[in-house]
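Enquirer: A single structure is presented below for examination.
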Amino acid sequence: MKVLMGTKNPGKLEGAKQAFEKYFDNVEIEGVAVSSEVSDQPLNEEIIKGAKNRVKNLKEYAIQNNIKADFYVSSEAGITNYLEEWIDINVVVVESADGVQSTGTSQGFPIPEKYMDEIKATELGKVMDKIFGMDESGKGKGGISILTHKEITRIDLTKNAFIMALTKHINGDTWR
């Protein structure tokens with residue numbers, strides 16, 4: 001099974017791979033850098049918009065390069081205040097080759113208000129790097145690994161978001 005994913009981020013790719021391998025055999029995931037067409041630090045509705053844009057741009061890339069896939073997927077991390085405080089979440093979009101699209105989210109973690117202006121001006125990963133003296137904490141295991149003392153990684157968040165989105169695909173018409 002071929003899965004085309006709109007990122008080159010190793011943590012996101014690994015999370016998606018782990019999720020798909022729970023339900024499908026012989027999973028091959030290929031990462032392609034495509035634009036989200038939203039801010040570097042997506043906020044609120046930009047999160048889902050960025051994820052959907054990545055899938056749209058990924059499908060265009062596949063057509064232009066004559067690549068066939070069983071699924072076109074993306075993961076967009078962003079910060080929302082829809083729950084009355086700033087929370088970082090991952091939103092994933094999974095679209096099957098036959099056009100069935102679904103969305104899933106990860107667990108979220110709170111972002112202190114005192115960092116929000118700086119995060120909005122740059123992005124969460126850069127602010128976390130500065131606070132914790134790290135380099136590229138947004139790659140691989142992610143900043144959440146630092147905050148949870150290595151209990152939860154970006155891979156875990158991405159994997160769980162993909163499992164949520166896959167419920168529409170692995171249960172067929174019963175859950176569509």
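Labeling convention for the structure tokens: chains A, B, ... as they appear, residues from 1 per chain, ligands from 1 in order of appearance.
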In segment 21-68 of chain A, what's strand (DSSP E or B) per DSSP? Answer as a list in words?

Expert: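 In segment 21-68 of chain A, DSSP puts these residues in strand (DSSP E or B): Glu28, Ile29, Glu30, Gly31 and Leu43 of chain A.
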
Enquirer: Keeping only C-alpha atoms, write the selected residues as a PDB file, in the first residue's frame.

Expert:
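The resulting part-v3.pdb:
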ATOM      1  CA  GLU A  28       5.127   2.396   2.105  1.00  0.00           C
ATOM      2  CA  ILE A  29       5.049   6.068   3.055  1.00  0.00           C
ATOM      3  CA  GLU A  30       6.679   8.648   0.827  1.00  0.00           C
ATOM      4  CA  GLY A  31       7.102  12.173   2.148  1.00  0.00           C
ATOM      5  CA  LEU A  43      -3.723  29.388  14.441  1.00  0.00           C
TER       6      LEU A  43
END

Enquirer: Could you name the residues that touch segment 100-113 of chain A at 7 Å or less, counting only C-alpha atoms, but leaving out those on the same chain fewer than 3 positions away, as a PyMOL selection string?

Expert: chain A and resi 86-96+116+157-158+160-162+164-165+168

Enquirer: Which is closest to Leu83 of chain A among A:Ile155, A:Asn44, A:Tyr61, A:Ala69, if we use only C-alpha atoms?

Expert: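 Checking each candidate against Leu83 of chain A, we get A:Asn44 as the closest.
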
Enquirer: Please, what distance in Å, to one decimal, runs between atom CA of Arg176 of chain A and atom CA of Ile163 of chain A?

Expert: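 Between these atoms lies a distance of 15.3 Å.
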
Enquirer: Given only C-alpha atoms as the basis, pick out the residue of A:Asn53, A:Lys12, A:Lys159, A:Leu166 nearest to Phe24 of chain A.

Expert: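 Closest to Phe24 of chain A of all the choices is A:Leu166.
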
Enquirer: Neighbouring residues of Ser35 of chain A were defined as those with any atom within 12 Å, considering only C-alpha atoms; residues of the same chain fewer than 6 positions away were excluded. Please report them as JSON, numbers by chain.

Expert: {"A": [5, 6, 7, 8, 49, 50, 51, 52, 53, 54, 55, 56, 57, 58, 59, 60, 61, 74, 75, 76]}

Enquirer: When you look at Phe132 of chain A with a cut-off of 10 Å (counting only C-alpha atoms), what residues show up, excluding the ones that are within fewer than 3 positions of it in the same chain? I need them as number ranges by chain.

Expert: A: 127-129, 135, 137, 143, 146-147

Enquirer: Can you list every residue in chain A that DSSP puts in helix (DSSP H, G or I), as a PyMOL selection string?

Expert: chain A and resi 10-21+45-64+113-121+124-132+143-147+154-170+172-175

Enquirer: What separation in Å, quoted to one decimal, exists between atom CA of Lys22 of chain A and atom CA of Ile170 of chain A?

Expert: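 Answer for the atom CA of Lys22 of chain A to atom CA of Ile170 of chain A separation: 10.4 Å.
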
Enquirer: Smallest atom-to-atom distance to Asp25 of chain A: which of A:Ile152, A:Met1, A:Leu13, A:Val38, using only C-alpha atoms?

Expert: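 Distance minimum relative to Asp25 of chain A lands on A:Met1.
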
Enquirer: Which residue out of A:Val32, A:Ile47, A:Gln64, A:Tyr72 has the minimum interatomic distance to Lys2 of chain A when only C-alpha atoms are used?

Expert: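 So, comparing all the options, the nearest one is A:Tyr72.
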